[in-house]
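Asks: final27.cif is the file, holding mmCIF, C-alpha atoms, pLDDT in the B column; chains and numbers go by the auth columns:
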data_work
#
loop_
_atom_site.group_PDB
_atom_site.id
_atom_site.type_symbol
_atom_site.label_atom_id
_atom_site.label_comp_id
_atom_site.label_asym_id
_atom_site.label_seq_id
_atom_site.Cartn_x
_atom_site.Cartn_y
_atom_site.Cartn_z
_atom_site.B_iso_or_equiv
_atom_site.auth_seq_id
_atom_site.auth_asym_id
ATOM 1 C CA VAL A 1 7.356 -8.639 -19.957 98.00 1 A
ATOM 2 C CA LYS A 2 5.623 -9.850 -23.120 98.00 2 A
ATOM 3 C CA GLU A 3 1.863 -10.093 -23.524 96.00 3 A
ATOM 4 C CA GLY A 4 0.690 -13.419 -22.079 96.00 4 A
ATOM 5 C CA GLU A 5 4.000 -14.109 -20.304 98.00 5 A
ATOM 6 C CA LYS A 6 4.014 -15.664 -16.843 98.00 6 A
ATOM 7 C CA PHE A 7 6.242 -13.836 -14.363 97.00 7 A
ATOM 8 C CA ARG A 8 6.950 -13.742 -10.638 97.00 8 A
ATOM 9 C CA VAL A 9 6.956 -10.590 -8.518 98.00 9 A
ATOM 10 C CA GLU A 10 8.654 -10.444 -5.097 97.00 10 A
ATOM 11 C CA CYS A 11 7.553 -7.760 -2.634 97.00 11 A
ATOM 12 C CA VAL A 12 8.791 -6.360 0.654 95.00 12 A
ATOM 13 C CA ASP A 13 6.211 -5.487 3.287 94.00 13 A
ATOM 14 C CA TRP A 14 4.341 -2.216 2.941 94.00 14 A
ATOM 15 C CA THR A 15 6.454 -0.394 5.572 95.00 15 A
ATOM 16 C CA GLY A 16 9.778 -1.328 3.988 95.00 16 A
ATOM 17 C CA GLY A 17 10.714 -3.645 6.844 95.00 17 A
ATOM 18 C CA GLN A 18 10.057 -1.261 9.736 96.00 18 A
ATOM 19 C CA ILE A 19 8.003 -3.866 11.652 96.00 19 A
ATOM 20 C CA LYS A 20 10.031 -6.743 13.135 97.00 20 A
ATOM 21 C CA ASN A 21 9.166 -10.283 14.205 98.00 21 A
ATOM 22 C CA ASN A 22 9.596 -9.704 17.931 98.00 22 A
ATOM 23 C CA ASP A 23 7.528 -9.218 21.077 98.00 23 A
ATOM 24 C CA SER A 24 7.594 -5.418 21.268 97.00 24 A
ATOM 25 C CA SER A 25 4.961 -3.106 19.743 96.00 25 A
ATOM 26 C CA ASP A 26 7.289 -0.100 19.810 97.00 26 A
ATOM 27 C CA ASP A 27 7.957 -0.455 16.079 96.00 27 A
ATOM 28 C CA VAL A 28 4.214 -0.231 15.380 95.00 28 A
ATOM 29 C CA LYS A 29 3.908 2.719 17.755 95.00 29 A
ATOM 30 C CA ASN A 30 6.717 4.610 16.036 95.00 30 A
ATOM 31 C CA VAL A 31 6.280 3.460 12.426 95.00 31 A
ATOM 32 C CA ASP A 32 6.983 6.163 9.846 94.00 32 A
ATOM 33 C CA LEU A 33 3.801 6.111 7.770 91.00 33 A
ATOM 34 C CA SER A 34 5.159 8.732 5.367 92.00 34 A
ATOM 35 C CA GLN A 35 7.123 5.881 3.746 93.00 35 A
ATOM 36 C CA VAL A 36 4.185 3.663 2.777 92.00 36 A
ATOM 37 C CA HIS A 37 3.654 1.876 0.509 95.00 37 A
ATOM 38 C CA TYR A 38 6.776 0.119 -0.776 96.00 38 A
ATOM 39 C CA LEU A 39 5.906 -1.355 -4.183 97.00 39 A
ATOM 40 C CA SER A 40 7.520 -3.687 -6.713 97.00 40 A
ATOM 41 C CA GLY A 41 7.643 -2.343 -10.266 96.00 41 A
ATOM 42 C CA PRO A 42 7.012 -0.706 -12.565 97.00 42 A
ATOM 43 C CA ILE A 43 6.659 -3.677 -14.900 98.00 43 A
ATOM 44 C CA THR A 44 6.472 -2.686 -18.559 98.00 44 A
ATOM 45 C CA VAL A 45 4.175 -4.777 -20.743 98.00 45 A
ATOM 46 C CA GLU A 46 5.325 -4.826 -24.360 98.00 46 A
ATOM 47 C CA GLY A 47 2.696 -3.477 -26.740 98.00 47 A
ATOM 48 C CA ALA A 48 0.434 -1.903 -24.103 98.00 48 A
ATOM 49 C CA GLN A 49 -0.766 1.527 -25.217 98.00 49 A
ATOM 50 C CA PRO A 50 -2.854 4.306 -23.613 98.00 50 A
ATOM 51 C CA GLY A 51 -6.516 3.431 -23.975 98.00 51 A
ATOM 52 C CA ASP A 52 -5.927 -0.320 -23.673 98.00 52 A
ATOM 53 C CA LEU A 53 -7.108 -2.551 -20.844 98.00 53 A
ATOM 54 C CA LEU A 54 -4.404 -4.572 -19.098 98.00 54 A
ATOM 55 C CA LYS A 55 -5.593 -8.044 -18.085 98.00 55 A
ATOM 56 C CA VAL A 56 -3.752 -9.447 -15.058 98.00 56 A
ATOM 57 C CA GLU A 57 -4.280 -13.030 -13.858 98.00 57 A
ATOM 58 C CA PHE A 58 -3.179 -14.162 -10.392 98.00 58 A
ATOM 59 C CA LEU A 59 -1.832 -17.699 -10.715 97.00 59 A
ATOM 60 C CA ASN A 60 -0.414 -18.005 -7.205 96.00 60 A
ATOM 61 C CA LEU A 61 0.298 -15.878 -4.139 96.00 61 A
ATOM 62 C CA GLY A 62 2.323 -16.724 -1.044 95.00 62 A
ATOM 63 C CA ALA A 63 5.047 -15.852 1.426 95.00 63 A
ATOM 64 C CA LEU A 64 8.690 -15.802 0.369 94.00 64 A
ATOM 65 C CA ASP A 65 10.827 -18.760 1.420 94.00 65 A
ATOM 66 C CA ASP A 66 12.346 -18.308 4.892 94.00 66 A
ATOM 67 C CA ASP A 67 10.122 -15.257 5.457 95.00 67 A
ATOM 68 C CA GLU A 68 6.834 -16.947 6.354 97.00 68 A
ATOM 69 C CA TRP A 69 5.468 -14.518 8.901 97.00 69 A
ATOM 70 C CA GLY A 70 3.281 -11.459 9.116 96.00 70 A
ATOM 71 C CA PHE A 71 1.796 -9.101 11.661 95.00 71 A
ATOM 72 C CA THR A 72 -1.372 -7.381 12.693 92.00 72 A
ATOM 73 C CA GLY A 73 -1.203 -4.091 14.531 89.00 73 A
ATOM 74 C CA THR A 74 -3.244 -1.452 16.234 88.00 74 A
ATOM 75 C CA PHE A 75 -1.627 1.869 15.411 89.00 75 A
ATOM 76 C CA ALA A 76 -1.283 4.513 18.102 91.00 76 A
ATOM 77 C CA LYS A 77 -3.965 7.189 17.992 88.00 77 A
ATOM 78 C CA GLU A 78 -1.336 9.928 17.696 89.00 78 A
ATOM 79 C CA ASN A 79 0.169 8.117 14.681 87.00 79 A
ATOM 80 C CA GLY A 80 -2.850 7.470 12.499 79.00 80 A
ATOM 81 C CA GLY A 81 -4.898 5.178 14.689 82.00 81 A
ATOM 82 C CA GLY A 82 -7.499 2.925 13.106 77.00 82 A
ATOM 83 C CA PHE A 83 -11.243 2.340 12.817 76.00 83 A
ATOM 84 C CA LEU A 84 -11.790 2.074 16.598 82.00 84 A
ATOM 85 C CA THR A 85 -8.886 4.259 17.703 83.00 85 A
ATOM 86 C CA ASP A 86 -11.045 6.174 20.199 84.00 86 A
ATOM 87 C CA HIS A 87 -11.623 2.861 22.026 87.00 87 A
ATOM 88 C CA PHE A 88 -8.146 1.363 21.430 88.00 88 A
ATOM 89 C CA PRO A 89 -5.719 4.305 21.330 91.00 89 A
ATOM 90 C CA LYS A 90 -2.493 2.428 22.169 93.00 90 A
ATOM 91 C CA ALA A 91 -0.244 0.546 19.754 93.00 91 A
ATOM 92 C CA THR A 92 -0.375 -3.258 19.817 93.00 92 A
ATOM 93 C CA LYS A 93 1.158 -5.991 17.667 95.00 93 A
ATOM 94 C CA ALA A 94 0.688 -9.696 17.061 96.00 94 A
ATOM 95 C CA CYS A 95 3.113 -11.659 14.882 97.00 95 A
ATOM 96 C CA TRP A 96 1.810 -14.625 12.894 97.00 96 A
ATOM 97 C CA ASP A 97 3.668 -17.691 11.596 98.00 97 A
ATOM 98 C CA ILE A 98 2.465 -18.757 8.149 97.00 98 A
ATOM 99 C CA ASP A 99 2.270 -22.490 7.394 97.00 99 A
ATOM 100 C CA GLY A 100 0.788 -23.055 3.949 94.00 100 A
ATOM 101 C CA ILE A 101 -2.711 -21.588 3.913 94.00 101 A
ATOM 102 C CA TYR A 102 -2.847 -21.373 7.731 97.00 102 A
ATOM 103 C CA CYS A 103 -1.362 -19.047 10.309 97.00 103 A
ATOM 104 C CA SER A 104 -1.036 -18.964 14.092 98.00 104 A
ATOM 105 C CA SER A 105 0.417 -16.510 16.590 98.00 105 A
ATOM 106 C CA ARG A 106 2.401 -16.866 19.786 98.00 106 A
ATOM 107 C CA HIS A 107 0.767 -13.606 20.860 98.00 107 A
ATOM 108 C CA ILE A 108 -2.781 -14.964 20.457 97.00 108 A
ATOM 109 C CA PRO A 109 -2.500 -18.613 21.567 97.00 109 A
ATOM 110 C CA GLY A 110 -5.133 -21.122 20.518 97.00 110 A
ATOM 111 C CA VAL A 111 -6.043 -19.346 17.281 97.00 111 A
ATOM 112 C CA LYS A 112 -5.382 -20.799 13.825 97.00 112 A
ATOM 113 C CA PHE A 113 -7.103 -19.826 10.597 96.00 113 A
ATOM 114 C CA ALA A 114 -6.802 -20.011 6.828 96.00 114 A
ATOM 115 C CA GLY A 115 -5.882 -16.809 5.027 94.00 115 A
ATOM 116 C CA LEU A 116 -6.822 -15.410 1.647 94.00 116 A
ATOM 117 C CA ILE A 117 -3.615 -13.844 0.344 96.00 117 A
ATOM 118 C CA HIS A 118 -4.032 -10.742 -1.812 95.00 118 A
ATOM 119 C CA PRO A 119 -2.160 -7.583 -2.797 96.00 119 A
ATOM 120 C CA GLY A 120 -3.557 -4.552 -1.031 94.00 120 A
ATOM 121 C CA LEU A 121 -2.198 -2.356 -3.770 96.00 121 A
ATOM 122 C CA ILE A 122 -1.871 -2.961 -7.513 98.00 122 A
ATOM 123 C CA GLY A 123 -2.272 -0.627 -10.446 98.00 123 A
ATOM 124 C CA THR A 124 -0.901 1.011 -13.551 98.00 124 A
ATOM 125 C CA ALA A 125 1.016 4.290 -13.829 98.00 125 A
ATOM 126 C CA PRO A 126 -0.841 7.558 -14.465 98.00 126 A
ATOM 127 C CA SER A 127 -0.162 9.799 -17.420 98.00 127 A
ATOM 128 C CA GLU A 128 1.172 13.299 -16.801 97.00 128 A
ATOM 129 C CA GLU A 129 -2.338 14.642 -17.445 98.00 129 A
ATOM 130 C CA LEU A 130 -3.957 12.242 -14.975 98.00 130 A
ATOM 131 C CA LEU A 131 -1.337 12.936 -12.296 98.00 131 A
ATOM 132 C CA LYS A 132 -2.023 16.665 -12.616 97.00 132 A
ATOM 133 C CA MET A 133 -5.753 15.970 -12.253 98.00 133 A
ATOM 134 C CA TRP A 134 -5.157 13.956 -9.075 97.00 134 A
ATOM 135 C CA ASN A 135 -3.003 16.616 -7.461 97.00 135 A
ATOM 136 C CA GLU A 136 -5.468 19.411 -8.253 97.00 136 A
ATOM 137 C CA ARG A 137 -8.449 17.385 -7.056 95.00 137 A
ATOM 138 C CA GLU A 138 -6.804 16.321 -3.805 94.00 138 A
ATOM 139 C CA ALA A 139 -5.360 19.778 -3.108 95.00 139 A
ATOM 140 C CA THR A 140 -8.931 21.100 -3.222 93.00 140 A
ATOM 141 C CA LEU A 141 -9.997 18.590 -0.556 88.00 141 A
ATOM 142 C CA VAL A 142 -7.086 19.573 1.689 88.00 142 A
ATOM 143 C CA ALA A 143 -7.882 23.272 1.248 90.00 143 A
ATOM 144 C CA GLU A 144 -11.427 22.612 2.509 87.00 144 A
ATOM 145 C CA GLU A 145 -10.243 21.175 5.838 82.00 145 A
ATOM 146 C CA GLY A 146 -11.401 23.326 8.720 79.00 146 A
ATOM 147 C CA THR A 147 -14.026 25.105 6.603 85.00 147 A
ATOM 148 C CA ASP A 148 -17.771 24.588 6.142 84.00 148 A
ATOM 149 C CA ALA A 149 -16.987 22.765 2.892 85.00 149 A
ATOM 150 C CA GLU A 150 -14.989 20.071 4.681 80.00 150 A
ATOM 151 C CA LYS A 151 -16.102 16.573 3.665 74.00 151 A
ATOM 152 C CA THR A 152 -14.803 14.655 6.674 65.00 152 A
ATOM 153 C CA LEU A 153 -15.493 14.402 10.389 60.00 153 A
ATOM 154 C CA CYS A 154 -11.912 15.153 11.413 55.00 154 A
ATOM 155 C CA GLY A 155 -13.188 17.876 13.739 57.00 155 A
ATOM 156 C CA CYS A 156 -15.353 15.370 15.646 58.00 156 A
ATOM 157 C CA LEU A 157 -13.698 11.990 15.290 55.00 157 A
ATOM 158 C CA ALA A 158 -10.164 10.668 14.898 55.00 158 A
ATOM 159 C CA THR A 159 -10.656 9.986 11.194 58.00 159 A
ATOM 160 C CA ARG A 160 -8.201 10.271 8.363 62.00 160 A
ATOM 161 C CA PRO A 161 -7.938 13.212 5.973 66.00 161 A
ATOM 162 C CA LEU A 162 -9.511 12.660 2.573 72.00 162 A
ATOM 163 C CA ALA A 163 -6.313 13.326 0.623 83.00 163 A
ATOM 164 C CA CYS A 164 -2.569 12.722 0.866 86.00 164 A
ATOM 165 C CA LEU A 165 -0.650 15.304 -1.114 93.00 165 A
ATOM 166 C CA PRO A 166 2.824 14.733 -2.586 95.00 166 A
ATOM 167 C CA GLU A 167 5.464 14.721 0.139 94.00 167 A
ATOM 168 C CA ALA A 168 9.220 14.362 -0.290 94.00 168 A
ATOM 169 C CA LYS A 169 9.643 12.892 3.195 94.00 169 A
ATOM 170 C CA GLY A 170 9.256 9.145 2.866 93.00 170 A
ATOM 171 C CA ALA A 171 9.232 9.075 -0.940 95.00 171 A
ATOM 172 C CA MET A 172 10.707 6.032 -2.678 94.00 172 A
ATOM 173 C CA LEU A 173 11.050 6.879 -6.371 95.00 173 A
ATOM 174 C CA GLY A 174 12.265 3.630 -7.885 91.00 174 A
ATOM 175 C CA LYS A 175 15.550 3.974 -9.740 92.00 175 A
ATOM 176 C CA LEU A 176 15.718 7.663 -8.788 95.00 176 A
ATOM 177 C CA GLY A 177 16.276 6.582 -5.196 95.00 177 A
ATOM 178 C CA HIS A 178 15.071 6.814 -1.595 95.00 178 A
ATOM 179 C CA PHE A 179 14.370 10.025 0.300 95.00 179 A
ATOM 180 C CA VAL A 180 17.069 9.288 2.882 94.00 180 A
ATOM 181 C CA GLU A 181 19.797 9.502 0.233 95.00 181 A
ATOM 182 C CA LYS A 182 18.217 11.911 -2.258 96.00 182 A
ATOM 183 C CA SER A 183 15.944 14.469 -0.613 96.00 183 A
ATOM 184 C CA GLY A 184 17.399 17.978 -0.942 96.00 184 A
ATOM 185 C CA LYS A 185 20.506 16.626 -2.697 96.00 185 A
ATOM 186 C CA ASP A 186 19.250 15.829 -6.210 96.00 186 A
ATOM 187 C CA ASP A 187 17.288 18.356 -8.287 97.00 187 A
ATOM 188 C CA GLU A 188 15.583 15.735 -10.458 97.00 188 A
ATOM 189 C CA TRP A 189 14.559 13.681 -7.428 97.00 189 A
ATOM 190 C CA ASP A 190 13.193 16.773 -5.645 97.00 190 A
ATOM 191 C CA MET A 191 11.171 17.764 -8.718 97.00 191 A
ATOM 192 C CA VAL A 192 9.587 14.326 -9.100 97.00 192 A
ATOM 193 C CA ALA A 193 8.893 14.016 -5.356 97.00 193 A
ATOM 194 C CA SER A 194 7.084 17.367 -5.391 96.00 194 A
ATOM 195 C CA GLU A 195 4.380 15.995 -7.692 96.00 195 A
ATOM 196 C CA ALA A 196 4.510 12.197 -7.252 96.00 196 A
ATOM 197 C CA ALA A 197 1.218 10.690 -6.073 95.00 197 A
ATOM 198 C CA ARG A 198 1.041 9.136 -2.624 95.00 198 A
ATOM 199 C CA THR A 199 -0.153 5.542 -2.719 95.00 199 A
ATOM 200 C CA VAL A 200 -2.639 5.729 0.166 90.00 200 A
ATOM 201 C CA PRO A 201 -5.857 6.421 -1.815 88.00 201 A
ATOM 202 C CA GLY A 202 -7.160 4.228 -4.600 91.00 202 A
ATOM 203 C CA ARG A 203 -7.683 6.088 -7.856 96.00 203 A
ATOM 204 C CA GLU A 204 -8.578 5.631 -11.540 97.00 204 A
ATOM 205 C CA ASN A 205 -5.506 3.438 -12.066 97.00 205 A
ATOM 206 C CA GLY A 206 -6.449 0.866 -9.417 97.00 206 A
ATOM 207 C CA GLY A 207 -4.054 1.449 -6.545 95.00 207 A
ATOM 208 C CA ASN A 208 -4.824 0.864 -2.885 93.00 208 A
ATOM 209 C CA CYS A 209 -7.976 -1.214 -3.263 91.00 209 A
ATOM 210 C CA ASP A 210 -7.675 -3.886 -0.522 92.00 210 A
ATOM 211 C CA ILE A 211 -10.091 -6.374 -2.089 93.00 211 A
ATOM 212 C CA LYS A 212 -9.786 -9.622 -0.139 92.00 212 A
ATOM 213 C CA ASN A 213 -11.010 -11.843 -2.993 92.00 213 A
ATOM 214 C CA LEU A 214 -8.355 -10.507 -5.372 95.00 214 A
ATOM 215 C CA SER A 215 -6.429 -13.736 -4.835 96.00 215 A
ATOM 216 C CA ARG A 216 -5.430 -16.966 -6.593 95.00 216 A
ATOM 217 C CA GLY A 217 -7.463 -17.592 -9.721 96.00 217 A
ATOM 218 C CA CYS A 218 -8.685 -14.011 -10.084 96.00 218 A
ATOM 219 C CA THR A 219 -8.478 -11.863 -13.184 97.00 219 A
ATOM 220 C CA VAL A 220 -8.476 -8.065 -12.946 97.00 220 A
ATOM 221 C CA TYR A 221 -8.468 -5.413 -15.659 98.00 221 A
ATOM 222 C CA PHE A 222 -6.613 -2.099 -15.361 98.00 222 A
ATOM 223 C CA PRO A 223 -6.784 0.935 -17.654 98.00 223 A
ATOM 224 C CA VAL A 224 -3.554 1.823 -19.423 98.00 224 A
ATOM 225 C CA PHE A 225 -2.505 5.490 -19.342 98.00 225 A
ATOM 226 C CA VAL A 226 1.134 5.311 -20.526 98.00 226 A
ATOM 227 C CA GLU A 227 3.019 3.217 -23.037 98.00 227 A
ATOM 228 C CA GLY A 228 3.871 -0.139 -21.468 98.00 228 A
ATOM 229 C CA ALA A 229 1.239 0.278 -18.723 98.00 229 A
ATOM 230 C CA ASN A 230 3.919 0.274 -15.970 98.00 230 A
ATOM 231 C CA LEU A 231 2.226 -2.098 -13.531 98.00 231 A
ATOM 232 C CA SER A 232 3.254 -1.971 -9.855 98.00 232 A
ATOM 233 C CA MET A 233 2.070 -3.888 -6.811 98.00 233 A
ATOM 234 C CA GLY A 234 2.744 -4.559 -3.142 97.00 234 A
ATOM 235 C CA ASP A 235 1.213 -4.241 0.335 95.00 235 A
ATOM 236 C CA MET A 236 0.648 -7.992 0.505 95.00 236 A
ATOM 237 C CA HIS A 237 -1.927 -9.284 2.987 95.00 237 A
ATOM 238 C CA PHE A 238 -2.200 -12.854 4.268 95.00 238 A
ATOM 239 C CA SER A 239 -5.707 -12.089 5.473 92.00 239 A
ATOM 240 C CA GLN A 240 -7.747 -8.913 5.711 89.00 240 A
ATOM 241 C CA GLY A 241 -11.290 -7.646 5.325 85.00 241 A
ATOM 242 C CA ASP A 242 -12.396 -5.616 2.334 84.00 242 A
ATOM 243 C CA GLY A 243 -11.341 -1.984 2.370 75.00 243 A
ATOM 244 C CA GLU A 244 -8.847 -2.365 5.223 78.00 244 A
ATOM 245 C CA VAL A 245 -11.422 -0.861 7.578 69.00 245 A
ATOM 246 C CA SER A 246 -9.380 -1.627 10.693 66.00 246 A
ATOM 247 C CA PHE A 247 -6.249 -0.297 8.907 67.00 247 A
ATOM 248 C CA CYS A 248 -3.926 -3.277 9.380 64.00 248 A
ATOM 249 C CA GLY A 249 -3.836 -6.967 8.497 53.00 249 A
#
I need this file expressed as structure tokens, please.

Replies:
Amino acid sequence: VKEGEKFRVECVDWTGGQIKNNDSSDDVKNVDLSQVHYLSGPITVEGAQPGDLLKVEFLNLGALDDDEWGFTGTFAKENGGGFLTDHFPKATKACWDIDGIYCSSRHIPGVKFAGLIHPGLIGTAPSEELLKMWNEREATLVAEEGTDAEKTLCGCLATRPLACLPEAKGAMLGKLGHFVEKSGKDDEWDMVASEAARTVPGRENGGNCDIKNLSRGCTVYFPVFVEGANLSMGDMHFSQGDGEVSFCG
């Protein structure tokens, strides 16, 4: 796109369509979280150079035509869980019908509320140098697990690890292809997957920020690390609290 150009971005849901609009929570129970997040992009901005700031304005956000629904879920404790997974260890799901700014659910009758639509994940691409820094930094955190230097309560509580290292299983590498078709069959794909950053943590480029007020009318600035910026986004939320504390919305 050109600087100052208005453009539309269409996104699939963060799981790549694994969760269905039905009355069973089995898909939430068995969701393959190695595949998240599915993003749209990268979008090259003409003239953007490393060291610049990329200004992004949100003019409108909403559901795609004929796809006006969403879900909330409680993930099974053995498959990631959530903030209160020790109290609610089983998978649950509620599907919501979106009608303008409001939503309601057949699974939670009598409830209707206005959402604040926002992308859970948006950011620019890292440079080769920054990607190397991420992988070294996060590998150090993983190496500390189970030692006195560990910086998480994983040994006491069902909390998440502090880092998600590159993993070929579940990787979606844009034009290079999806892990189902490419893993172990394409040398270039395997090389990129071995060092590609997982999208779970937020980092210096933006990323998985889950800021509920990042909605219509907002302006956000991202650092540019590569020529063209390479902006990507996805993980759209109709409504969710800051930081995705409960893990799903």

Asks: Is there a way to get, as a list in words, all residues within 7 Å of the point (-4.5, -9.7, -17.5) in file coordinates, counting only C-alpha atoms?

Replies: Leu54, Lys55, Val56, Glu57, Thr219, Val220 and Tyr221 of chain A

Asks: Name the residues that the PyMOL selection byres ((chain A and resi 62) around 8) picks from the file above, as a short mmCIF file (atom, residue, chain, number, x, y, z; two decimals) with C-alpha atoms, in the frame of the given file, using the file's chain letters and numbers.

Replies:
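This is the output file selection_27.cif:
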data_model
loop_
_atom_site.label_atom_id
_atom_site.label_comp_id
_atom_site.auth_asym_id
_atom_site.auth_seq_id
_atom_site.Cartn_x
_atom_site.Cartn_y
_atom_site.Cartn_z
CA ASN A 60 -0.41 -18.00 -7.20
CA LEU A 61 0.30 -15.88 -4.14
CA ALA A 63 5.05 -15.85 1.43
CA LEU A 64 8.69 -15.80 0.37
CA ILE A 117 -3.62 -13.84 0.34
CA PHE A 238 -2.20 -12.85 4.27
#

Asks: Do you know which residues the PyMOL selection byres ((chain A and resi 4-20) around 7) returns on this file, as a list in words?

Replies: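 That selection, the PyMOL selection byres ((chain A and resi 4-20) around 7), comes back as Val1, Lys2, Glu3, Asn21, Asn22, Asp27, Val28, Val31, Gln35, Val36, His37, Tyr38, Leu39, Ser40, Gly234, Asp235 and Met236 of chain A.
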
Asks: Could you work out how far CA of Gly207 (chain A) lies from CA of Leu176 (chain A), giving the answer in Å with one decimal?

Replies: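 Separation of CA of Leu176 (chain A) and CA of Gly207 (chain A): 20.8 Å.
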
Asks: Counting all atoms listed in the file, I want the residues whose atoms come within 7 Å of (3.0, 1.2, -15.9) in the file frame, returned as a ChimeraX atom specification.

Replies: /A:42-44,124-125,226,228-232

Asks: For the residues selected in the previous step, produce a file with C-alpha atoms as a CSV table (one decimal), keeping the file's coordinate frame.

Replies:
chain,number,residue,atom,x,y,z
A,42,PRO,CA,7.0,-0.7,-12.6
A,43,ILE,CA,6.7,-3.7,-14.9
A,44,THR,CA,6.5,-2.7,-18.6
A,124,THR,CA,-0.9,1.0,-13.6
A,125,ALA,CA,1.0,4.3,-13.8
A,226,VAL,CA,1.1,5.3,-20.5
A,228,GLY,CA,3.9,-0.1,-21.5
A,229,ALA,CA,1.2,0.3,-18.7
A,230,ASN,CA,3.9,0.3,-16.0
A,231,LEU,CA,2.2,-2.1,-13.5
A,232,SER,CA,3.3,-2.0,-9.9

Asks: Written as a list in words, what is the full residue list that the PyMOL selection byres ((chain A and resi 116) around 8) yields on the file shown?

Replies: Ile101, Ala114, Gly115, Ile117, His118, Lys212, Asn213, Ser215, His237, Phe238, Ser239 and Gln240 of chain A

Asks: Quick one: region 98-113 of chain A with N, CA and C atoms, as a compact mmCIF listing (two decimals), keeping the file's coordinate frame?

Replies:
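Below is the file selection_31.txt, written as the result:
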# COMPACT_ATOMS: atom_id res chain seq x y z
N ILE A 98 3.24 -18.26 9.28
CA ILE A 98 2.46 -18.76 8.15
C ILE A 98 2.94 -20.16 7.80
N ASP A 99 1.98 -21.10 7.74
CA ASP A 99 2.27 -22.49 7.39
C ASP A 99 1.28 -22.91 6.31
N GLY A 100 1.70 -22.77 5.05
CA GLY A 100 0.79 -23.06 3.95
C GLY A 100 -0.33 -22.04 3.89
N ILE A 101 -1.56 -22.51 3.95
CA ILE A 101 -2.71 -21.59 3.91
C ILE A 101 -3.14 -21.16 5.31
N TYR A 102 -2.45 -21.68 6.35
CA TYR A 102 -2.85 -21.37 7.73
C TYR A 102 -1.82 -20.47 8.42
N CYS A 103 -2.28 -19.82 9.47
CA CYS A 103 -1.36 -19.05 10.31
C CYS A 103 -1.78 -19.16 11.76
N SER A 104 -0.80 -18.96 12.65
CA SER A 104 -1.04 -18.96 14.09
C SER A 104 -0.07 -17.98 14.73
N SER A 105 -0.38 -17.55 15.95
CA SER A 105 0.42 -16.51 16.59
C SER A 105 0.74 -16.88 18.03
N ARG A 106 2.00 -16.68 18.39
CA ARG A 106 2.40 -16.87 19.79
C ARG A 106 1.78 -15.80 20.68
N HIS A 107 1.36 -14.70 20.09
CA HIS A 107 0.77 -13.61 20.86
C HIS A 107 -0.73 -13.78 21.08
N ILE A 108 -1.35 -14.67 20.28
CA ILE A 108 -2.78 -14.96 20.46
C ILE A 108 -2.92 -16.48 20.45
N PRO A 109 -2.53 -17.15 21.54
CA PRO A 109 -2.50 -18.61 21.57
C PRO A 109 -3.89 -19.22 21.36
N GLY A 110 -3.89 -20.39 20.71
CA GLY A 110 -5.13 -21.12 20.52
C GLY A 110 -5.90 -20.72 19.28
N VAL A 111 -5.35 -19.80 18.49
CA VAL A 111 -6.04 -19.35 17.28
C VAL A 111 -5.26 -19.80 16.05
N LYS A 112 -5.97 -20.40 15.10
CA LYS A 112 -5.38 -20.80 13.82
C LYS A 112 -6.46 -20.62 12.76
N PHE A 113 -6.10 -20.01 11.64
CA PHE A 113 -7.10 -19.83 10.60
C PHE A 113 -6.45 -19.81 9.22
